[in-house]
Structure formats: C-alpha cells, structure tokens
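Structure below is my_file08.txt: compact mmCIF, C-alpha atoms.
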```txt
# COMPACT_ATOMS: atom_id res chain seq x y z
CA MET A 580 151.75 119.22 140.37
CA ILE A 581 148.40 119.19 138.60
CA ASP A 582 145.51 119.28 141.06
CA PRO A 583 143.74 115.89 140.60
CA ARG A 584 140.35 117.59 141.01
CA ALA A 585 141.13 120.07 138.23
CA GLN A 586 142.44 117.27 136.00
CA GLU A 587 139.30 115.24 136.65
CA PHE A 588 137.03 118.20 135.91
CA LEU A 589 138.79 119.14 132.67
CA THR A 590 138.77 115.51 131.55
CA SER A 591 135.02 115.39 132.10
CA LEU A 592 134.63 118.37 129.76
CA PHE A 593 136.72 116.64 127.10
CA ASP A 594 134.48 113.59 127.50
CA ALA A 595 131.42 115.77 127.01
CA ALA A 596 132.85 117.38 123.89
CA VAL A 597 133.81 114.05 122.30
CA THR A 598 130.52 112.38 123.19
CA ALA A 599 128.57 115.25 121.60
CA ALA A 600 130.25 114.27 118.32
CA ASP A 601 129.51 110.56 118.76
CA ALA A 602 128.99 108.94 115.35
CA ARG A 603 125.71 107.19 116.07
CA ALA A 604 124.08 110.15 117.82
CA ALA A 605 125.22 112.54 115.09
CA LEU A 606 123.94 110.35 112.25
CA ALA A 607 120.61 109.36 113.77
CA ALA A 608 119.00 112.75 113.20
CA HIS A 609 120.30 113.15 109.65
CA LEU A 610 119.54 109.95 107.77
CA PRO A 611 118.43 110.67 104.18
CA ALA A 612 115.32 109.29 102.50
CA ARG A 613 115.68 105.72 101.23
CA PRO A 614 116.34 105.39 97.49
CA ARG A 615 114.54 103.18 94.98
CA GLY A 616 117.90 101.76 93.96
CA ARG A 617 121.18 100.97 95.71
CA THR A 618 122.70 102.72 98.72
CA ILE A 619 126.44 103.27 98.37
CA VAL A 620 128.47 104.61 101.29
CA VAL A 621 131.79 106.33 100.69
CA GLY A 622 133.83 108.32 103.16
CA ALA A 623 137.16 109.48 104.50
CA GLY A 624 138.61 110.82 107.72
CA LYS A 625 139.89 109.83 111.13
CA GLY A 626 136.36 108.94 112.28
CA ALA A 627 135.12 107.47 108.99
CA ALA A 628 135.12 103.85 110.17
CA GLN A 629 133.03 104.67 113.25
CA LEU A 630 130.62 106.64 111.09
CA ALA A 631 130.34 103.70 108.69
CA ALA A 632 129.66 101.23 111.51
CA ALA A 633 127.01 103.51 112.99
CA PHE A 634 125.38 104.01 109.58
CA GLU A 635 125.12 100.25 109.09
CA ASP A 636 123.35 99.93 112.45
CA LEU A 637 120.90 102.74 111.66
CA TRP A 638 120.13 101.90 108.01
CA GLU A 639 117.34 99.39 107.50
CA THR A 640 117.99 98.40 103.88
CA PRO A 641 121.04 96.83 102.16
CA VAL A 642 124.15 99.00 102.02
CA GLU A 643 127.58 98.69 100.45
CA GLY A 644 130.62 100.87 99.92
CA VAL A 645 134.08 101.79 101.16
CA VAL A 646 135.61 104.31 103.56
CA VAL A 647 139.23 105.17 104.38
CA THR A 648 140.66 106.08 107.76
CA ARG A 649 144.03 106.56 109.39
CA TYR A 650 146.16 103.55 110.35
CA GLY A 651 144.98 102.26 113.71
CA TYR A 652 141.59 104.01 113.55
CA ALA A 653 139.54 101.20 111.96
CA CYS A 654 136.67 99.41 113.65
CA PRO A 655 134.59 96.36 112.62
CA THR A 656 131.89 96.80 109.96
CA ARG A 657 129.59 94.24 108.35
CA TYR A 658 129.05 95.50 104.82
CA ILE A 659 131.12 98.63 104.24
CA ARG A 660 134.77 98.03 103.49
CA VAL A 661 137.19 99.95 105.72
CA MET A 662 140.63 100.78 104.31
CA GLU A 663 143.51 102.38 106.18
CA ALA A 664 146.12 104.84 104.96
CA ALA A 665 148.74 107.28 106.22
CA HIS A 666 148.14 110.65 107.86
CA PRO A 667 149.37 113.40 107.66
CA VAL A 668 151.70 112.37 104.81
CA PRO A 669 149.81 110.54 102.03
CA ASP A 670 150.94 107.07 100.98
CA ALA A 671 150.27 104.42 98.34
CA ALA A 672 147.55 102.83 100.49
CA GLY A 673 145.66 106.12 100.39
CA GLU A 674 146.03 106.24 96.61
CA ALA A 675 144.58 102.72 96.41
CA ALA A 676 141.71 103.74 98.69
CA THR A 677 140.94 106.70 96.44
CA THR A 678 140.67 104.34 93.49
CA ALA A 679 138.33 102.12 95.52
CA LEU A 680 136.07 105.09 96.28
CA PHE A 681 135.79 105.97 92.60
CA ASN A 682 135.07 102.33 91.74
CA ALA A 683 132.26 102.32 94.32
CA VAL A 684 130.43 105.21 92.64
CA THR A 685 130.97 104.12 89.03
CA GLY A 686 127.97 103.12 86.91
CA LEU A 687 125.23 104.41 89.21
CA THR A 688 121.79 105.58 88.14
CA ALA A 689 119.42 108.34 89.18
CA ASP A 690 117.62 105.81 91.42
CA ASP A 691 120.77 105.21 93.50
CA LEU A 692 121.91 107.06 96.61
CA VAL A 693 125.49 107.87 97.58
CA VAL A 694 125.99 108.71 101.25
CA ALA A 695 129.33 110.42 101.85
CA LEU A 696 130.60 110.21 105.44
CA VAL A 697 133.24 112.91 105.63
CA CYS A 698 135.31 114.07 108.58
CA GLY A 699 138.67 115.63 109.38
CA GLY A 700 141.86 114.01 108.14
CA GLY A 701 140.45 113.07 104.76
CA SER A 702 142.70 115.41 102.81
CA ALA A 703 145.82 113.35 103.50
CA LEU A 704 143.96 110.05 103.31
CA LEU A 705 142.77 110.66 99.73
CA PRO A 706 145.81 111.28 97.53
CA SER A 707 144.84 111.39 93.86
CA PRO A 708 147.58 112.96 91.73
CA PRO A 709 146.15 114.55 88.58
CA ASP A 710 147.60 113.76 85.16
CA GLY A 711 151.25 114.70 85.00
CA LEU A 712 151.87 114.43 88.74
CA THR A 713 152.85 111.54 91.00
CA LEU A 714 152.19 110.50 94.59
CA ALA A 715 155.62 111.87 95.45
CA ASP A 716 154.54 115.27 94.10
CA GLU A 717 151.40 115.20 96.26
CA GLN A 718 153.46 114.17 99.29
CA ALA A 719 155.83 117.07 98.67
CA LEU A 720 152.87 119.45 98.33
CA ASN A 721 151.45 118.25 101.62
CA ALA A 722 154.79 118.70 103.39
CA ALA A 723 155.18 122.21 101.98
CA LEU A 724 151.70 123.24 103.08
CA LEU A 725 152.10 121.79 106.59
CA ALA A 726 155.41 123.60 107.02
CA SER A 727 154.06 126.91 105.71
CA GLY A 728 151.93 127.74 108.74
CA ALA A 729 149.01 128.62 106.46
CA PRO A 730 145.51 128.21 107.91
CA ILE A 731 143.57 125.10 106.97
CA GLY A 732 141.29 127.01 104.59
CA VAL A 733 144.26 128.15 102.52
CA MET A 734 145.85 124.71 102.47
CA ASN A 735 142.62 123.06 101.35
CA ALA A 736 141.96 125.68 98.67
CA ILE A 737 145.32 124.82 97.12
CA ARG A 738 144.93 121.05 97.52
CA LYS A 739 141.61 121.08 95.66
CA HIS A 740 143.28 122.25 92.48
CA VAL A 741 146.02 119.62 92.76
CA SER A 742 143.82 116.55 93.06
CA GLY A 743 141.67 114.16 91.10
CA ILE A 744 139.16 113.65 93.95
CA LYS A 745 138.99 116.79 96.09
CA GLY A 746 136.80 119.81 95.43
CA GLY A 747 133.66 117.79 94.65
CA ARG A 748 135.22 115.51 92.05
CA LEU A 749 134.06 112.30 93.77
CA ALA A 750 130.47 113.55 93.80
CA ALA A 751 130.76 114.51 90.14
CA ALA A 752 131.89 110.94 89.35
CA ALA A 753 128.74 109.60 91.06
CA HIS A 754 126.42 111.48 88.65
CA PRO A 755 123.50 110.89 88.04
CA ALA A 756 123.07 109.34 91.50
CA ARG A 757 121.80 111.52 94.36
CA VAL A 758 124.61 112.41 96.79
CA VAL A 759 124.05 113.26 100.45
CA SER A 760 127.17 114.38 102.31
CA LEU A 761 127.06 113.98 106.11
CA VAL A 762 129.94 116.00 107.47
CA VAL A 763 131.65 116.07 110.86
CA SER A 764 133.33 119.46 110.75
CA ASP A 765 136.85 119.99 112.04
CA VAL A 766 137.37 123.36 110.36
CA PRO A 767 136.84 126.88 111.72
CA GLY A 768 133.50 128.21 110.52
CA ASP A 769 132.16 124.72 109.67
CA ASP A 770 132.31 125.19 105.89
CA PRO A 771 131.64 121.62 104.65
CA ALA A 772 133.60 122.31 101.48
CA GLN A 773 136.73 122.62 103.63
CA VAL A 774 136.38 119.36 105.57
CA ALA A 775 138.74 116.76 104.04
CA SER A 776 139.07 119.23 101.15
CA GLY A 777 135.50 118.42 100.12
CA PRO A 778 135.65 115.22 98.03
CA THR A 779 131.87 115.46 97.56
CA VAL A 780 131.36 119.19 98.18
CA PRO A 781 132.52 121.68 95.52
CA ASP A 782 134.14 124.91 96.64
CA ALA A 783 133.67 128.46 95.37
CA VAL A 784 137.40 129.25 95.72
CA THR A 785 138.66 129.60 92.16
CA LEU A 786 141.99 128.57 90.71
CA GLU A 787 142.94 132.25 90.41
CA GLN A 788 142.19 132.81 94.10
CA ALA A 789 144.25 129.76 95.06
CA ARG A 790 147.19 131.12 93.05
CA ALA A 791 146.81 134.48 94.81
CA MET A 792 146.89 132.76 98.23
CA ILE A 793 150.17 131.08 97.32
CA THR A 794 151.71 134.37 96.23
CA ALA A 795 150.40 136.38 99.19
CA ARG A 796 151.82 133.95 101.73
CA GLY A 797 155.06 133.24 99.89
CA ILE A 798 154.38 129.49 99.94
CA VAL A 799 157.14 127.61 98.13
CA LEU A 800 155.62 124.66 96.26
CA PRO A 801 157.37 121.81 94.43
CA PRO A 802 158.16 122.84 90.84
CA ALA A 803 155.91 120.18 89.31
CA VAL A 804 152.98 121.33 91.44
CA SER A 805 153.57 124.98 90.55
CA ALA A 806 153.61 124.07 86.87
CA HIS A 807 150.34 122.16 87.25
CA LEU A 808 148.65 125.11 88.97
CA GLY A 809 149.58 127.27 86.02
CA GLN A 810 147.39 125.18 83.74
CA GLU A 811 143.63 125.44 83.16
CA ALA A 812 143.35 121.67 83.73
CA ALA A 813 144.00 122.28 87.44
CA ARG A 814 140.66 124.07 87.90
CA ALA A 815 138.29 122.32 90.34
CA PRO A 816 134.60 122.06 89.36
CA SER A 817 132.37 125.02 90.25
CA PRO A 818 129.45 124.62 92.68
CA ASP A 819 127.04 125.68 89.90
CA ASN A 820 128.01 122.71 87.73
CA PRO A 821 124.78 120.82 86.86
CA VAL A 822 126.25 117.50 88.10
CA PHE A 823 125.79 118.79 91.67
CA ALA A 824 122.11 119.64 91.25
CA GLY A 825 119.97 118.01 93.92
CA HIS A 826 122.89 117.10 96.17
CA GLU A 827 122.48 117.63 99.92
CA VAL A 828 125.14 118.64 102.46
CA ARG A 829 124.57 118.45 106.21
CA VAL A 830 127.01 119.27 109.02
CA ILE A 831 126.06 116.71 111.67
CA ALA A 832 128.71 117.49 114.31
CA SER A 833 131.15 120.34 114.86
CA ALA A 834 133.38 122.13 117.33
CA ARG A 835 130.54 124.54 118.09
CA MET A 836 128.25 121.70 119.15
CA SER A 837 130.97 120.00 121.18
CA LEU A 838 132.00 123.17 123.01
CA ALA A 839 128.36 123.80 123.87
CA ALA A 840 128.16 120.28 125.35
CA ALA A 841 131.32 120.91 127.40
CA ALA A 842 129.85 124.18 128.65
CA ARG A 843 126.69 122.38 129.76
CA ALA A 844 128.79 119.80 131.61
CA ALA A 845 130.72 122.55 133.40
CA GLU A 846 127.55 124.35 134.42
CA ALA A 847 126.12 121.07 135.71
CA ALA A 848 129.21 120.75 137.92
CA GLY A 849 128.63 124.26 139.27
CA VAL A 850 131.30 126.11 137.28
CA THR A 851 130.48 129.03 134.98
CA ALA A 852 131.54 128.35 131.39
CA VAL A 853 132.35 130.83 128.63
CA ILE A 854 133.11 129.98 125.00
CA LEU A 855 135.63 132.38 123.46
CA SER A 856 135.19 130.99 119.94
CA ASP A 857 134.88 127.72 118.07
CA ALA A 858 136.89 129.06 115.11
CA ILE A 859 140.24 130.32 116.47
CA GLU A 860 143.10 130.17 113.97
CA GLY A 861 146.68 131.41 114.04
CA GLU A 862 150.13 130.38 115.23
CA ALA A 863 149.68 127.92 118.11
CA ALA A 864 152.24 129.60 120.39
CA VAL A 865 150.74 133.05 119.87
CA ILE A 866 147.23 131.79 120.55
CA GLY A 867 148.59 130.11 123.69
CA GLN A 868 150.05 133.40 124.90
CA MET A 869 146.74 135.16 124.23
CA HIS A 870 144.77 132.59 126.23
CA ALA A 871 147.28 132.87 129.07
CA ALA A 872 146.87 136.65 129.15
CA ILE A 873 143.10 136.25 129.53
CA ALA A 874 143.53 133.67 132.31
CA ARG A 875 145.95 135.92 134.21
CA GLN A 876 143.54 138.84 133.89
CA VAL A 877 140.80 136.72 135.45
CA VAL A 878 143.09 135.65 138.32
CA THR A 879 144.40 139.13 139.01
CA HIS A 880 141.40 141.37 138.37
CA ALA A 881 138.36 139.06 138.02
CA GLN A 882 138.00 140.45 134.49
CA PRO A 883 136.44 139.82 132.05
CA PHE A 884 135.08 136.82 133.98
CA ILE A 885 134.63 136.15 137.68
CA PRO A 886 136.23 132.92 138.92
CA PRO A 887 135.62 130.08 139.24
CA VAL A 888 135.16 129.92 135.49
CA VAL A 889 136.19 127.59 132.71
CA ILE A 890 137.21 129.25 129.45
CA LEU A 891 136.54 127.10 126.38
CA SER A 892 137.72 127.50 122.81
CA GLY A 893 138.14 125.50 119.62
CA GLY A 894 139.28 125.88 116.03
CA GLU A 895 142.55 124.89 114.38
CA THR A 896 145.84 126.58 115.14
CA THR A 897 148.96 126.05 113.06
CA VAL A 898 152.67 125.56 113.70
CA THR A 899 155.16 127.02 111.25
CA LEU A 900 157.89 124.38 111.11
CA ARG A 901 161.53 125.43 110.89
CA HIS A 902 162.57 121.78 110.64
CA THR A 903 160.79 118.45 110.43
CA ASN A 904 162.21 116.43 113.35
CA GLY A 905 159.99 117.73 116.14
CA ARG A 906 157.74 115.77 118.48
CA GLY A 907 154.20 116.84 119.27
CA GLY A 908 151.43 118.80 117.60
CA ARG A 909 149.61 122.11 117.62
CA ASN A 910 147.77 121.49 120.92
CA THR A 911 150.91 120.75 122.90
CA ALA A 912 152.64 123.68 121.18
CA PHE A 913 149.75 125.91 122.26
CA LEU A 914 149.95 124.61 125.82
CA LEU A 915 153.74 124.90 126.06
CA ALA A 916 153.54 128.60 125.24
CA PHE A 917 150.60 128.90 127.66
CA ALA A 918 152.54 127.17 130.46
CA GLN A 919 155.43 129.59 130.18
CA GLU A 920 153.12 132.60 130.33
CA ILE A 921 151.41 131.40 133.55
CA ASP A 922 154.63 130.17 135.16
CA GLY A 923 154.37 130.72 138.91
CA THR A 924 150.69 131.76 138.79
CA SER A 925 148.35 129.78 141.01
CA GLY A 926 144.67 129.16 140.33
CA ILE A 927 144.98 128.25 136.62
CA CYS A 928 144.83 124.76 135.11
CA ALA A 929 144.36 123.96 131.43
CA LEU A 930 143.82 121.05 129.07
CA ALA A 931 144.50 121.37 125.34
CA ALA A 932 143.80 118.32 123.19
CA ASP A 933 142.77 117.17 119.74
CA THR A 934 139.31 115.63 119.80
CA ASP A 935 140.42 112.77 117.54
CA GLY A 936 142.72 111.57 120.34
CA ILE A 937 146.04 112.17 118.56
CA ASP A 938 147.92 115.47 118.46
CA GLY A 939 150.58 115.50 115.78
CA SER A 940 153.41 112.99 115.69
CA GLN A 941 153.00 111.02 118.93
CA ASP A 942 150.24 109.03 120.65
CA ASN A 943 148.86 111.72 122.97
CA ALA A 944 145.87 113.97 122.34
CA GLY A 945 147.44 116.88 124.21
CA ALA A 946 148.45 117.70 127.77
CA PHE A 947 147.58 119.43 131.04
CA ALA A 948 149.38 122.49 132.42
CA ASP A 949 149.20 124.74 135.47
CA GLY A 950 151.41 127.37 137.06
CA SER A 951 153.95 124.77 138.17
CA THR A 952 154.33 122.90 134.87
CA ALA A 953 157.12 125.01 133.35
CA THR A 954 159.09 124.67 136.60
CA GLN A 955 158.59 120.89 136.57
CA MET A 956 160.03 120.82 133.05
CA ARG A 957 163.13 122.71 134.18
CA VAL A 958 163.58 120.41 137.19
CA ALA A 959 163.44 117.48 134.76
CA GLY A 960 166.20 119.11 132.69
CA VAL A 961 164.05 120.54 129.89
CA ASP A 962 164.04 124.25 129.02
CA PRO A 963 160.42 124.93 127.93
CA ALA A 964 161.41 127.91 125.79
CA GLU A 965 164.00 125.87 123.93
CA ALA A 966 161.58 122.94 123.60
CA LEU A 967 159.05 125.28 121.94
CA ARG A 968 161.70 126.57 119.52
CA ALA A 969 162.77 123.00 118.75
CA HIS A 970 159.19 121.82 118.12
CA ASP A 971 159.50 119.34 120.99
CA ALA A 972 156.40 120.14 123.02
CA TRP A 973 155.80 116.41 123.48
CA GLY A 974 159.20 115.97 125.09
CA ALA A 975 158.60 118.87 127.45
CA PHE A 976 155.24 117.57 128.69
CA ALA A 977 156.57 114.02 128.87
CA ALA A 978 159.29 115.32 131.19
CA ALA A 979 156.68 117.10 133.33
CA GLY A 980 154.49 113.98 133.37
CA THR A 981 151.30 115.67 132.18
CA LEU A 982 150.60 114.18 128.75
CA PHE A 983 146.95 113.36 128.02
CA ALA A 984 146.59 110.13 126.01
CA PRO A 985 143.02 108.89 125.47
CA GLY A 986 143.82 107.10 122.21
CA PRO A 987 141.66 107.41 119.08
CA THR A 988 138.19 108.68 120.00
CA GLY A 989 136.36 107.79 116.79
CA THR A 990 135.47 111.38 115.96
CA ASN A 991 137.20 114.63 115.05
CA VAL A 992 135.91 118.16 115.65
CA ASN A 993 139.38 119.65 115.96
CA ASP A 994 141.08 121.41 118.87
CA PHE A 995 139.58 121.45 122.35
CA ARG A 996 140.89 123.90 124.94
CA ALA A 997 139.56 124.23 128.49
CA ILE A 998 141.13 126.61 131.04
CA LEU A 999 139.89 126.45 134.60
CA VAL A 1000 140.50 129.64 136.59
CA GLY A 1001 139.73 129.29 140.29
CA GLU A 1002 138.91 126.32 142.47
CA PRO A 1003 137.73 123.12 140.77
CA PRO A 1004 134.38 121.67 141.82
CA ALA A 1005 134.48 119.25 144.72
CA ARG A 1006 132.97 116.55 142.51
CA SER A 1007 133.23 117.07 138.76
CA GLY A 1008 131.32 114.03 137.55
CA THR A 1009 134.18 112.70 135.42
CA GLY A 1010 132.96 109.81 133.32
CA GLN A 1011 129.67 111.59 132.69
CA ALA A 1012 129.02 113.35 129.39
CA VAL A 1013 126.14 115.49 128.15
CA VAL A 1014 124.76 114.48 124.75
CA GLY A 1015 122.41 117.14 123.43
CA LYS A 1016 118.81 116.49 124.42
CA GLN A 1017 119.54 112.90 125.36
CA GLY A 1018 120.73 113.91 128.84
CA VAL A 1019 123.66 112.33 130.62
CA ARG A 1020 125.34 109.04 129.83
CA ARG A 1021 128.48 107.22 130.94
CA ALA A 1022 131.59 108.00 128.90
CA ALA A 1023 135.07 106.52 128.85
CA ARG A 1024 137.76 107.60 131.26
CA TYR A 1025 140.95 108.86 129.64
CA PRO A 1026 144.37 108.14 131.17
CA ILE A 1027 147.03 110.71 131.91
CA GLN A 1028 150.71 109.79 131.84
CA THR A 1029 152.34 110.24 135.24
CA ASN A 1030 155.98 110.07 136.24
CA GLU A 1031 156.67 107.62 139.05
```
Just give me the structure of the file as structure tokens.
Amino acid sequence: MIDPRAQEFLTSLFDAAVTAADARAALAAHLPARPRGRTIVVGAGKGAAQLAAAFEDLWETPVEGVVVTRYGYACPTRYIRVMEAAHPVPDAAGEAATTALFNAVTGLTADDLVVALVCGGGSALLPSPPDGLTLADEQALNAALLASGAPIGVMNAIRKHVSGIKGGRLAAAAHPARVVSLVVSDVPGDDPAQVASGPTVPDAVTLEQARAMITARGIVLPPAVSAHLGQEAARAPSPDNPVFAGHEVRVIASARMSLAAAARAAEAAGVTAVILSDAIEGEAAVIGQMHAAIARQVVTHAQPFIPPVVILSGGETTVTLRHTNGRGGRNTAFLLAFAQEIDGTSGICALAADTDGIDGSQDNAGAFADGSTATQMRVAGVDPAEALRAHDAWGAFAAAGTLFAPGPTGTNVNDFRAILVGEPPARSGTGQAVVGKQGVRRAARYPIQTNE
C-alpha cells in the first residue's frame, strides 16, 4: 500500500507546482500598459476562464471580450464572456467560439488593445476549418494526430496550416490594434507559438517543413486534409508579416517555473530535490521505464543521487494508440510502465499527474505508485502489462486504488512527475504551497481514490 506520508509529501509538491501557475499571481506581474481606446480580451485553453476572471480583478479600466475553455472548466466572470467546448476532439461549440473570438477583434483601431490569454488545450477548443474543409475534417485530423504518437510540436505545426485561426491568424485579424499575448506554457521548451497552436503568435515553421514532418513520420491524414496541405492557400502567416509589428508575447507561467516551486517545497520539507528536465518528450511507457531505471539506481547504488531525494520532471509525453477505446492518459500510461519496472522494490513512491487536473479520458489527474502497486493490480485481477497494451492505465490504477483526482485546477503547465526515493519527511506540510517570492500560502487538498 502507498505510504500515507509519501502520498502526503508528493501531493504537497503537486500543490506547489499548481499554485506557482496560479492565474492571478501569474498575470499580476505582466499586465500591459493601458490603451487610449478599448481593451478586448480573447483567449483559449483549459485555464482560460480563470485567467479571464483574474484579469478582470486586476484591470482597472473597462474590459470586454470572450474566452473559450473545456466543458466543466468555466468559472464566473463579470464582463468577459466564457464559452465552453469539447477537448480533445473539437465540436460545433468550439467552432462557434472561434467565430465569437473573431467577432470580438473585428473593427478595432490602433488605439485599442487586445489581450490574448492563451494556455494549453486551445488547439482542440478552436476549430476553424479553412475554405474547402469541414468540422468533420478537422476532427478527423485531430484524431489522426493524437493516434500518431507525434510530439506536440509536430502536431501543432501541422494544425497551423489546416486552420483559419491558428498560427497567428487571430492576431492578424485584430490589426491595427496592439496585441499582447500572455501565455501559460504547457509545451516543452516554452515556445509560445506552440501553446494552443498560437492563435495570436505566428510560427516560423513553414508549410514545406510541415509537409516534411508528415512524410518523415508516416502520418496518415484524411484525404481532404492532405489535399488542402498541397495547396499554397494552406500556408500560415510568417512572423515577419507587418501585421504583427509591435505585438508583445510573454510567457507568464510554465513547467519550468512550477517544477522550481515544487523543488523549493521539497527542500523546505528537508528532502533534496533534483529536476531532470521540464521538457521531456517521447512515448509515455518508455519514459516511465527510463525514470524507473534512475530510481532503482538511486535505491541500489545511491547514484546519481543520494537518498532521500525527490526526482522531478515535466514536459509532454505521448501515447501511440493502437485503438481508440482505452481509458486513461499519458500520465497514467507513464506510471503504469514505471510501476512494473519497480515491482517489488521498496523505498520508491511516485506521483504522475497532469497539472490541469485531468489526464486523458477520465476524471483523474494521474495516480500514485510504489513497489507494491503492480502486485496490488494483479491481486485485483488486472494484469498491468496487458492493461498497458490495452491502453487501460486508468482501469489498472482504479483496481489498485491509487488514482489521484483533484479535479480541474484552473491552470495547465503540462505533466508533473515526482519520484520520492528514500524515507518521506515526518511532516511534509501538505496544504502548503510556495509561490515565487510571495512565500508560503494555504493551498487546496487533493483527494485520492481508495478502495474500501
């Protein structure tokens, strides 16, 4: 069974990571200069509603606009309209929201300001089929990309050339207004042009390079999409287009910042923290096996770190789907592979979770695992190896009783992985979270599913 002290400690680190990406704290230091004219807010992503609400509180002059978020992720706002749409498969509500965003930036002047609040999840939330394509075509493209196992940078590079809004097109529509994009990064490397496929940030990846990515990876696209990509009309605007002159782009929160906050929280609890990387990509199961090998090396040889130590990492792994009826997401897939590799090993406990609070198809952010978890799955009648092959990581961790389900967090800086090797601290300080220079503040407790 999971050691309650280890679970409490790892949860406190998740709290710290999420709180470091808090909408209000992130925005407060990056508010743009007030315009002479109107202030229009547009945005998209799983945390867009929380960003909009925080912006309203911080802005001292009239504001209007519209943002779109995932179903169930909305929060109250006073002036900015919040719309909801489907994720990860686009729907008609997302198409309507895209139209609303364009309407919001139509007819502006050089005295007006557009503030774009952009965070992860926006790619699916902003379907905008170009001429000759339909929403069904964009849905089929999204399904093909998700199933391909391609990294997020490749998927977004392709999406930008099959869209009427991505790749900076929304910012171009706002011309001649000044556009300031405030970005919560959920992508490895924190390239703002990749977050939500950059509706207000043009990308240097050309149409020719996107075509080459498709060929190199053998990605099979819907025929209508392939035909569209063969046309010059598919080309996304270039960053040197004059309509983008004077625009500002600021990354206000990211995995790097959140992992640093988690590391500070660990150190405050008396546990050494190391950050492997905030930009790890690759097949989730393979990355899980790699992390397990490092943890075993620490247990067995006190190399490359001396326990007790917590090993932190972030980024965005992928799962290459062989079918579409699985349950779970990339974090539970990572952890299921990890659990099998540490099976029977004591002194290791891990949490893998999506910082937005939802990992894939179910309502959990991720799960906990230690050296007994794979055995618990077998006792419950679940073969962990078969569950991984069947894309049913959720079912495996549900059987073991170690799902982690905080619910929507209001932010999104991608995957969070914390592996404790050695004894947990006697008192971890769960419910406390470090927020940059602001010190320590109370944060929410997150429940774990347990089997009775």
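Atom CA of Val830 of chain A sits 27.6 Å away from atom CA of Ala813 of chain A.
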Quiz prompt | Between atom CA of Asp938 of chain A and atom CA of Leu800 of chain A, distance in Å (one decimal) | solution =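 Going from atom CA of Asp938 of chain A over to atom CA of Leu800 of chain A covers 25.2 Å.
Using all atoms listed in the file, the smallest distance between any of A:Ala977, A:Ala964, A:Val780, A:Val762 and Asn991 of chain A comes from A:Val762.
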Quiz item: Taking (152.7, 130.5, 140.2) in the file's coordinates, which residues come within 10 Å, counting all atoms listed in the file, written as a PyMOL selection string?
Solution: chain A and resi 921-927+949-954
Output, as lines of an AutoDock Vina configuration file, the centre and edge lengths in Å (one decimal) of the axis-aligned box that contains all listed atoms of segment 838-853 of chain A with 3 Å of margin on each side.
```
center_x = 129.2
center_y = 125.3
center_z = 131.1
size_x = 12.2
size_y = 17.0
size_z = 22.3
```
Quiz item: Which one of A:Ala959, A:Leu930, A:Leu704, A:Leu589 sits closest to Gln718 of chain A if you count all atoms listed in the file?
Solution: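 Nearest to Gln718 of chain A: A:Leu704.
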Practice problem: Please identify all polymer residues within 9 Å of segment 817-828 of chain A, counting all atoms listed in the file, omitting same-chain residues fewer than 6 positions from it, and present them as a list in words. | Solution: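 Surrounding residues, per the criterion: Gly746, Gly747, Ala750, Ala751, Ala752, Ala753, His754, Pro755, Arg757, Val758, Val759, Ser760, Leu761, Val762, Pro771, Thr779, Val780, Pro781, Asp782, Ala783, Val784 and Thr785 of chain A.
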Self-check item: Selection near Phe681 of chain A, 8 Å with only C-alpha atoms, sequence-local residues under 4 positions removed, as a ChimeraX atom specification
Solution: /A:677,685,749,752
